[in-house]
$ cat target.tsv   # TSV, C-alpha atoms and all ligand atoms
chain	number	residue	atom	x	y	z
A	288	MET	CA	35.09	71.38	-18.16
A	289	ILE	CA	34.91	69.76	-14.75
A	290	SER	CA	32.68	71.71	-12.39
A	291	LEU	CA	32.08	70.94	-8.72
A	292	GLN	CA	29.47	73.20	-7.13
A	293	ASN	CA	28.52	73.44	-3.43
A	294	ILE	CA	29.81	69.96	-2.68
A	295	SER	CA	29.35	68.57	0.78
A	296	LYS	CA	30.54	65.12	1.76
A	297	SER	CA	30.84	63.28	5.07
A	298	TYR	CA	31.78	59.69	5.83
A	299	THR	CA	30.11	57.91	8.70
A	300	SER	CA	31.68	54.72	9.98
A	301	LYS	CA	30.63	53.03	13.23
A	302	ASN	CA	29.91	55.96	15.55
A	303	GLU	CA	32.26	58.49	13.98
A	304	THR	CA	31.47	61.07	11.29
A	305	VAL	CA	34.26	62.64	9.23
A	306	VAL	CA	33.20	65.86	7.50
A	307	LEU	CA	35.38	66.27	4.42
A	308	PHE	CA	33.67	69.12	2.55
A	309	THR	CA	30.85	71.46	3.40
A	310	ASP	CA	30.93	73.86	0.45
A	311	LEU	CA	33.54	72.83	-2.07
A	312	HIS	CA	33.78	74.52	-5.46
A	313	TRP	CA	36.18	73.63	-8.27
A	314	GLN	CA	36.25	74.44	-11.96
A	315	ILE	CA	38.78	72.86	-14.29
A	316	GLU	CA	38.82	74.03	-17.86
A	317	THR	CA	38.84	71.52	-20.69
A	318	GLY	CA	42.34	70.58	-21.79
A	319	LYS	CA	44.03	71.81	-18.62
A	320	TYR	CA	46.51	69.76	-16.62
A	321	VAL	CA	46.09	70.45	-12.91
A	322	SER	CA	47.81	68.95	-9.93
A	323	LEU	CA	46.31	68.50	-6.50
A	324	MET	CA	48.41	68.54	-3.36
A	325	GLY	CA	47.49	68.38	0.33
A	326	ALA	CA	48.16	66.48	3.53
A	327	SER	CA	47.34	62.81	3.93
A	328	GLY	CA	43.65	62.51	4.83
A	329	ALA	CA	42.78	65.94	3.39
A	330	GLY	CA	40.36	64.32	0.92
A	331	LYS	CA	42.32	64.33	-2.36
A	332	SER	CA	41.42	60.79	-3.40
A	333	SER	CA	37.83	61.46	-2.35
A	334	ILE	CA	37.68	64.37	-4.82
A	335	LEU	CA	38.83	62.06	-7.64
A	336	SER	CA	36.20	59.50	-6.58
A	337	LEU	CA	33.55	62.23	-6.67
A	338	ILE	CA	34.64	63.37	-10.16
A	339	ALA	CA	34.58	59.73	-11.33
A	340	GLY	CA	31.13	59.12	-9.83
A	341	ILE	CA	32.53	56.32	-7.64
A	342	ILE	CA	31.14	58.10	-4.58
A	343	THR	CA	28.29	60.61	-4.55
A	344	PRO	CA	28.21	63.94	-2.72
A	345	ASP	CA	25.70	64.52	0.07
A	346	ASN	CA	24.81	67.80	-1.63
A	347	GLY	CA	25.88	69.80	-4.64
A	348	SER	CA	26.42	69.04	-8.30
A	349	ILE	CA	29.28	67.65	-10.36
A	350	GLU	CA	29.29	68.39	-14.07
A	351	LEU	CA	31.61	66.92	-16.66
A	352	SER	CA	31.30	68.58	-20.07
A	353	GLY	CA	27.82	69.77	-19.13
A	354	THR	CA	26.51	66.42	-17.84
A	355	ASN	CA	25.41	66.49	-14.22
A	356	ILE	CA	26.76	63.09	-13.20
A	357	THR	CA	25.07	63.18	-9.80
A	358	GLN	CA	21.78	62.64	-11.61
A	359	LEU	CA	22.88	59.49	-13.46
A	360	SER	CA	21.75	56.04	-12.33
A	361	THR	CA	24.45	53.53	-11.33
A	362	ASP	CA	24.32	51.86	-14.76
A	363	GLU	CA	24.41	55.20	-16.57
A	364	MET	CA	27.37	56.27	-14.44
A	365	ILE	CA	29.31	53.08	-15.24
A	366	ARG	CA	28.73	53.68	-18.96
A	367	TYR	CA	29.56	57.38	-18.68
A	368	ARG	CA	32.77	56.66	-16.77
A	369	GLY	CA	33.96	54.17	-19.37
A	370	GLN	CA	33.39	56.54	-22.24
A	371	HIS	CA	34.86	59.67	-20.63
A	372	ILE	CA	37.35	58.88	-17.86
A	373	ALA	CA	40.68	57.07	-17.64
A	374	PHE	CA	42.63	56.35	-14.44
A	375	ILE	CA	46.19	55.79	-13.30
A	376	PHE	CA	46.83	54.63	-9.74
A	377	GLN	CA	49.84	54.50	-7.46
A	378	ALA	CA	49.75	50.69	-7.35
A	379	PHE	CA	49.53	50.28	-11.17
A	380	GLU	CA	46.52	47.88	-10.84
A	381	LEU	CA	47.40	45.69	-13.81
A	382	ILE	CA	45.61	42.35	-14.09
A	383	PRO	CA	48.27	39.71	-13.31
A	384	ASN	CA	46.98	36.84	-15.46
A	385	LEU	CA	46.66	38.97	-18.60
A	386	THR	CA	49.54	39.98	-20.86
A	387	VAL	CA	50.50	43.60	-21.48
A	388	ASN	CA	48.53	43.61	-24.76
A	389	GLU	CA	45.52	42.03	-23.06
A	390	ASN	CA	45.63	44.50	-20.17
A	391	ILE	CA	45.54	47.38	-22.65
A	392	ASP	CA	42.85	45.91	-24.91
A	393	LEU	CA	40.62	44.99	-21.98
A	394	ILE	CA	40.09	48.69	-21.26
A	395	LEU	CA	38.63	49.17	-24.74
A	396	ASP	CA	36.24	46.24	-24.19
A	397	ILE	CA	35.14	47.52	-20.80
A	398	SER	CA	34.81	51.19	-21.64
A	399	HIS	CA	33.25	50.98	-25.12
A	400	ALA	CA	35.22	54.14	-25.85
A	401	PRO	CA	36.77	54.56	-29.31
A	402	ARG	CA	40.36	53.43	-29.76
A	403	ARG	CA	42.85	56.32	-29.94
A	404	TYR	CA	46.05	54.35	-30.66
A	405	GLU	CA	46.81	50.88	-31.94
A	406	THR	CA	48.12	48.79	-29.04
A	407	SER	CA	51.53	48.39	-30.68
A	408	ALA	CA	51.71	52.15	-31.32
A	409	ILE	CA	50.92	53.12	-27.73
A	410	LEU	CA	53.44	50.51	-26.48
A	411	GLU	CA	56.06	52.16	-28.66
A	412	LYS	CA	55.22	55.57	-27.16
A	413	VAL	CA	55.78	54.23	-23.64
A	414	TRP	CA	59.06	52.54	-24.67
A	415	LEU	CA	57.70	49.01	-24.38
A	416	ALA	CA	57.73	47.97	-28.03
A	417	GLY	CA	58.01	44.18	-28.27
A	418	LYS	CA	56.92	43.57	-24.67
A	419	GLY	CA	53.20	43.14	-25.38
A	420	ASP	CA	53.23	39.38	-24.75
A	421	ARG	CA	54.84	39.63	-21.30
A	422	TYR	CA	52.90	39.29	-18.07
A	423	PRO	CA	53.04	42.12	-15.50
A	424	THR	CA	55.22	40.06	-13.15
A	425	GLU	CA	57.82	39.88	-15.94
A	426	LEU	CA	58.21	43.67	-15.90
A	427	SER	CA	59.93	46.12	-13.55
A	428	GLY	CA	57.86	48.56	-11.50
A	429	GLY	CA	58.62	51.41	-13.90
A	430	GLU	CA	57.66	49.25	-16.87
A	431	GLN	CA	54.41	48.21	-15.19
A	432	GLN	CA	53.50	51.82	-14.61
A	433	ARG	CA	54.24	52.54	-18.29
A	434	VAL	CA	51.71	49.82	-19.19
A	435	ALA	CA	49.24	51.61	-16.92
A	436	ILE	CA	49.99	54.85	-18.81
A	437	ALA	CA	49.42	53.07	-22.13
A	438	ARG	CA	46.13	51.71	-20.80
A	439	ALA	CA	45.06	55.19	-19.67
A	440	PHE	CA	45.69	56.71	-23.11
A	441	VAL	CA	44.67	53.93	-25.52
A	442	ALA	CA	40.98	54.83	-25.41
A	443	ASP	CA	39.84	58.21	-26.69
A	444	VAL	CA	38.43	59.71	-23.48
A	445	GLU	CA	38.57	63.34	-22.32
A	446	TYR	CA	39.53	63.02	-18.67
A	447	LEU	CA	42.52	61.44	-16.97
A	448	LEU	CA	42.42	61.08	-13.19
A	449	ALA	CA	45.75	60.08	-11.67
A	450	ASP	CA	46.22	59.29	-7.97
A	451	GLU	CA	49.93	59.53	-7.11
A	452	PRO	CA	50.97	57.73	-10.29
A	453	THR	CA	54.65	57.91	-9.41
A	454	GLY	CA	54.28	57.21	-5.69
A	455	ASN	CA	55.82	53.73	-6.01
A	456	LEU	CA	58.70	54.69	-8.29
A	457	ASP	CA	62.24	55.95	-7.78
A	458	GLU	CA	63.05	59.46	-9.00
A	459	GLY	CA	64.44	58.40	-12.38
A	460	ASN	CA	61.42	56.27	-13.23
A	461	ALA	CA	59.05	58.89	-11.83
A	462	ASN	CA	60.51	61.52	-14.16
A	463	ARG	CA	60.19	59.19	-17.15
A	464	ILE	CA	56.53	58.59	-16.31
A	465	MET	CA	55.88	62.31	-15.93
A	466	ASP	CA	57.64	63.04	-19.24
A	467	LEU	CA	55.35	60.51	-20.91
A	468	ILE	CA	52.24	62.01	-19.36
A	469	ASP	CA	53.37	65.48	-20.53
A	470	THR	CA	53.92	64.23	-24.08
A	471	LEU	CA	50.64	62.32	-24.27
A	472	HIS	CA	48.75	65.26	-22.73
A	473	ARG	CA	50.10	67.58	-25.44
A	474	GLU	CA	49.29	65.02	-28.13
A	475	THR	CA	45.73	64.24	-26.98
A	476	GLY	CA	44.62	67.51	-25.35
A	477	ASN	CA	42.96	65.56	-22.53
A	478	THR	CA	42.10	67.14	-19.20
A	479	ILE	CA	44.25	65.83	-16.34
A	480	VAL	CA	43.75	65.93	-12.58
A	481	MET	CA	46.83	64.53	-10.87
A	482	ILE	CA	47.35	63.98	-7.15
A	483	THR	CA	50.93	64.19	-5.99
A	484	HIS	CA	52.89	64.81	-2.80
A	485	ASP	CA	55.91	65.97	-4.76
A	486	ARG	CA	56.19	69.67	-5.51
A	487	ASP	CA	58.56	69.11	-8.46
A	488	ILE	CA	56.04	66.78	-10.06
A	489	ALA	CA	53.16	69.15	-9.29
A	490	ASN	CA	55.09	71.95	-11.04
A	491	ARG	CA	54.69	70.20	-14.38
A	492	ALA	CA	50.97	71.01	-14.40
A	493	ASP	CA	49.36	74.21	-15.74
A	494	LEU	CA	47.86	74.89	-12.30
A	495	ILE	CA	48.62	73.60	-8.80
A	496	TYR	CA	45.93	73.41	-6.12
A	497	ARG	CA	46.28	72.65	-2.43
A	498	LEU	CA	43.44	71.04	-0.50
A	499	HIS	CA	43.37	72.14	3.13
A	500	GLY	CA	40.51	72.24	5.61
A	501	GLY	CA	38.03	71.16	2.95
A	502	GLN	CA	38.89	74.10	0.69
A	503	LEU	CA	40.95	74.33	-2.49
A	504	ALA	CA	43.40	77.13	-3.13
A	505	LEU	CA	45.67	77.84	-6.08
A	506	ILE	CA	49.35	77.83	-5.16
A	601	LIG	N1	34.95	54.88	2.71
A	601	LIG	C1	35.31	55.64	3.74
A	601	LIG	N2	34.69	55.53	4.94
A	601	LIG	C2	35.03	56.31	5.99
A	601	LIG	N3	36.01	57.24	5.93
A	601	LIG	C3	36.67	57.39	4.77
A	601	LIG	C4	36.36	56.60	3.62
A	601	LIG	N4	37.19	56.98	2.61
A	601	LIG	C5	37.97	57.96	3.13
A	601	LIG	N5	37.66	58.21	4.41
A	601	LIG	C6	38.28	59.23	5.27
A	601	LIG	O1	38.22	60.48	4.61
A	601	LIG	C7	39.42	61.22	4.78
A	601	LIG	C8	40.00	61.59	3.43
A	601	LIG	O2	40.43	60.42	2.75
A	601	LIG	P1	41.15	60.49	1.31
A	601	LIG	O3	41.49	59.10	0.95
A	601	LIG	O4	40.29	61.26	0.37
A	601	LIG	O5	42.45	61.35	1.68
A	601	LIG	P2	43.73	61.69	0.80
A	601	LIG	O6	43.89	63.19	0.82
A	601	LIG	O7	43.66	61.04	-0.53
A	601	LIG	O8	44.92	61.06	1.67
A	601	LIG	P3	46.30	60.32	1.20
A	601	LIG	O9	47.25	61.40	0.81
A	601	LIG	O10	46.74	59.61	2.45
A	601	LIG	O11	45.97	59.37	0.09
A	601	LIG	C9	40.31	60.34	5.65
A	601	LIG	O12	40.20	60.80	6.97
A	601	LIG	C10	39.75	58.96	5.48
A	601	LIG	O13	39.97	58.19	6.63
A	602	MG	MG	44.74	59.50	-1.45

$ encode --input "target.tsv" --output "structure tokens"
Amino acid sequence: MISLQNISKSYTSKNETVVLFTDLHWQIETGKYVSLMGASGAGKSSILSLIAGIITPDNGSIELSGTNITQLSTDEMIRYRGQHIAFIFQAFELIPNLTVNENIDLILDISHAPRRYETSAILEKVWLAGKGDRYPTELSGGEQQRVAIARAFVADVEYLLADEPTGNLDEGNANRIMDLIDTLHRETGNTIVMITHDRDIANRADLIYRLHGGQLALI
């Protein structure tokens, strides 16, 4: 369960203050796949950063499986994040001087989370069998994002946070990525929060939320 209670959050830069949330509530049940839509600047990525403990709310509490992460120290949060949360980003974020295998295995070293799949097995699931020794630059955009999917599922963690994971892909590749996420979600039972601008992609989730004016509504 992800639970955001009474969240307020503002950003202050130079002499300007942006109020994102004053009283945000959100509950996501364990094992659900939810998508999050909303206009650019609405605060979607900020919500993922709050859930991941990358930024802290000004007020309110954020609980993941009963742990109030707002009360963790920075070191505790880094450890907690590694053991519980995986990410997929729009820009893939692979490490260029590491091979596909090394990119995937690095996550296990960093997170200290248990391994869920052998590296060769997860590469097979994302249709990249035999490409483990390639470098990211030797792969197409769709293939790079499939490595990022493999990296997000190789460790046995409960939560997957995805920020427009198909934003840089054409429709064919985007659909392949979403099919993979669907399959791996069913197989692992993880809880997914996915940001997307695309209503067809959002429709794959169990629930679709729209963020508008600092409030979330089911659509
Ligand atoms: N570190 C920061 N300092 C100051 N303002 C910030 C910071 N991060 C985000 N913002 C502001 O907060 C608002 C919400 O940003 P956020 O990235 O959460 O939006 P978003 O819904 O993900 O948008 P997009 O769809 O364009 O990715 C924006 O107005 C942004 O400029
Ligand atoms: Mg964003």

$ residues_near_ligand --input "target.tsv" --ligand "ligand MG 602 (chain A)" --cutoff "7 Å" --atoms "all atoms listed in the file" --output "PyMOL selection string"
chain A and resi 327+330-332+450

$ atom_distance --input "target.tsv" --atom1 "CA of Tyr298 (chain A)" --atom2 "atom C3 of ligand LIG 601 (chain A)"
5.5 Å

$ residues_around --input "target.tsv" --residues "Arg486 (chain A)" --least-positions-apart "3" --cutoff "12 Å" --atoms "all atoms listed in the file" --output "PyMOL selection string"
chain A and resi 322-325+481-483+489-492+494-497+506

$ residues_near_ligand --input "target.tsv" --ligand "ligand LIG 601 (chain A)" --cutoff "8 Å" --atoms "only C-alpha atoms and all ligand atoms" --output "list in words"
Ser297, Tyr298, Thr299, Ser300, Thr304, Val305, Val306, Leu307, Gly325, Ala326, Ser327, Gly328, Ala329, Gly330, Lys331, Ser332, Ser333, Ile334, His484 and Leu498 of chain A

$ atom_distance --input "target.tsv" --atom1 "CA of Ala373 (chain A)" --atom2 "CA of Glu445 (chain A)"
8.1 Å

$ residues_around --input "target.tsv" --residues "Leu467 (chain A)" --least-positions-apart "5" --cutoff "12 Å" --atoms "all atoms listed in the file" --output "mmCIF file with C-alpha atoms, in the coordinates of the input"
data_model
loop_
_atom_site.group_PDB
_atom_site.id
_atom_site.type_symbol
_atom_site.label_atom_id
_atom_site.label_comp_id
_atom_site.auth_asym_id
_atom_site.auth_seq_id
_atom_site.Cartn_x
_atom_site.Cartn_y
_atom_site.Cartn_z
ATOM 1 C CA ILE A 409 50.920 53.120 -27.730
ATOM 2 C CA LEU A 410 53.440 50.510 -26.480
ATOM 3 C CA GLU A 411 56.060 52.160 -28.660
ATOM 4 C CA LYS A 412 55.220 55.570 -27.160
ATOM 5 C CA VAL A 413 55.780 54.230 -23.640
ATOM 6 C CA TRP A 414 59.060 52.540 -24.670
ATOM 7 C CA GLY A 429 58.620 51.410 -13.900
ATOM 8 C CA GLN A 432 53.500 51.820 -14.610
ATOM 9 C CA ARG A 433 54.240 52.540 -18.290
ATOM 10 C CA VAL A 434 51.710 49.820 -19.190
ATOM 11 C CA ALA A 435 49.240 51.610 -16.920
ATOM 12 C CA ILE A 436 49.990 54.850 -18.810
ATOM 13 C CA ALA A 437 49.420 53.070 -22.130
ATOM 14 C CA ALA A 439 45.060 55.190 -19.670
ATOM 15 C CA PHE A 440 45.690 56.710 -23.110
ATOM 16 C CA PRO A 452 50.970 57.730 -10.290
ATOM 17 C CA THR A 453 54.650 57.910 -9.410
ATOM 18 C CA ASN A 460 61.420 56.270 -13.230
ATOM 19 C CA ALA A 461 59.050 58.890 -11.830
ATOM 20 C CA ASN A 462 60.510 61.520 -14.160
ATOM 21 C CA HIS A 472 48.750 65.260 -22.730
ATOM 22 C CA ARG A 473 50.100 67.580 -25.440
ATOM 23 C CA GLU A 474 49.290 65.020 -28.130
ATOM 24 C CA THR A 475 45.730 64.240 -26.980
ATOM 25 C CA ARG A 491 54.690 70.200 -14.380
#

$ atom_distance --input "target.tsv" --atom1 "CA of Ala339 (chain A)" --atom2 "CA of Met364 (chain A)"
8.6 Å

$ residues_around --input "target.tsv" --residues "Thr309 (chain A)" --least-positions-apart "5" --cutoff "8 Å" --atoms "all atoms listed in the file" --output "PyMOL selection string"
chain A and resi 293-296+501

$ write_last_selection --input "target.tsv" --atoms "C-alpha atoms" --output "PDB file, in the frame of the given file"
ATOM      1  CA  ASN A 293      28.520  73.440  -3.430  1.00  0.00           C
ATOM      2  CA  ILE A 294      29.810  69.960  -2.680  1.00  0.00           C
ATOM      3  CA  SER A 295      29.350  68.570   0.780  1.00  0.00           C
ATOM      4  CA  LYS A 296      30.540  65.120   1.760  1.00  0.00           C
ATOM      5  CA  GLY A 501      38.030  71.160   2.950  1.00  0.00           C
TER       6      GLY A 501
END

$ residues_around --input "target.tsv" --residues "Ile289 (chain A)" --least-positions-apart "4" --cutoff "12 Å" --atoms "all atoms listed in the file" --output "compact mmCIF listing (two decimals) with C-alpha atoms, in the coordinates of the input"
# COMPACT_ATOMS: atom_id res chain seq x y z
CA HIS A 312 33.78 74.52 -5.46
CA TRP A 313 36.18 73.63 -8.27
CA GLN A 314 36.25 74.44 -11.96
CA ILE A 315 38.78 72.86 -14.29
CA GLU A 316 38.82 74.03 -17.86
CA THR A 317 38.84 71.52 -20.69
CA GLY A 318 42.34 70.58 -21.79
CA LYS A 319 44.03 71.81 -18.62
CA TYR A 320 46.51 69.76 -16.62
CA VAL A 321 46.09 70.45 -12.91
CA ILE A 334 37.68 64.37 -4.82
CA LEU A 335 38.83 62.06 -7.64
CA LEU A 337 33.55 62.23 -6.67
CA ILE A 338 34.64 63.37 -10.16
CA ALA A 339 34.58 59.73 -11.33
CA SER A 348 26.42 69.04 -8.30
CA ILE A 349 29.28 67.65 -10.36
CA GLU A 350 29.29 68.39 -14.07
CA LEU A 351 31.61 66.92 -16.66
CA SER A 352 31.30 68.58 -20.07
CA GLY A 353 27.82 69.77 -19.13
CA THR A 354 26.51 66.42 -17.84
CA ASN A 355 25.41 66.49 -14.22
CA ILE A 356 26.76 63.09 -13.20
CA HIS A 371 34.86 59.67 -20.63
CA ILE A 372 37.35 58.88 -17.86
CA GLU A 445 38.57 63.34 -22.32
CA TYR A 446 39.53 63.02 -18.67
CA LEU A 447 42.52 61.44 -16.97
CA LEU A 448 42.42 61.08 -13.19
CA ASN A 477 42.96 65.56 -22.53
CA THR A 478 42.10 67.14 -19.20
CA ILE A 479 44.25 65.83 -16.34
CA VAL A 480 43.75 65.93 -12.58

$ residues_near_point --input "target.tsv" --point "(54.3, 43.0, -26.8)" --cutoff "9 Å" --atoms "all atoms listed in the file" --output "list of chain:residue names"
A:Thr386, A:Val387, A:Asn388, A:Thr406, A:Ser407, A:Leu410, A:Leu415, A:Ala416, A:Gly417, A:Lys418, A:Gly419, A:Asp420, A:Arg421

$ write_last_selection --input "target.tsv" --atoms "C-alpha atoms" --output "PDB file, in the frame of the given file"
ATOM      1  CA  THR A 386      49.540  39.980 -20.860  1.00  0.00           C
ATOM      2  CA  VAL A 387      50.500  43.600 -21.480  1.00  0.00           C
ATOM      3  CA  ASN A 388      48.530  43.610 -24.760  1.00  0.00           C
ATOM      4  CA  THR A 406      48.120  48.790 -29.040  1.00  0.00           C
ATOM      5  CA  SER A 407      51.530  48.390 -30.680  1.00  0.00           C
ATOM      6  CA  LEU A 410      53.440  50.510 -26.480  1.00  0.00           C
ATOM      7  CA  LEU A 415      57.700  49.010 -24.380  1.00  0.00           C
ATOM      8  CA  ALA A 416      57.730  47.970 -28.030  1.00  0.00           C
ATOM      9  CA  GLY A 417      58.010  44.180 -28.270  1.00  0.00           C
ATOM     10  CA  LYS A 418      56.920  43.570 -24.670  1.00  0.00           C
ATOM     11  CA  GLY A 419      53.200  43.140 -25.380  1.00  0.00           C
ATOM     12  CA  ASP A 420      53.230  39.380 -24.750  1.00  0.00           C
ATOM     13  CA  ARG A 421      54.840  39.630 -21.300  1.00  0.00           C
TER      14      ARG A 421
END
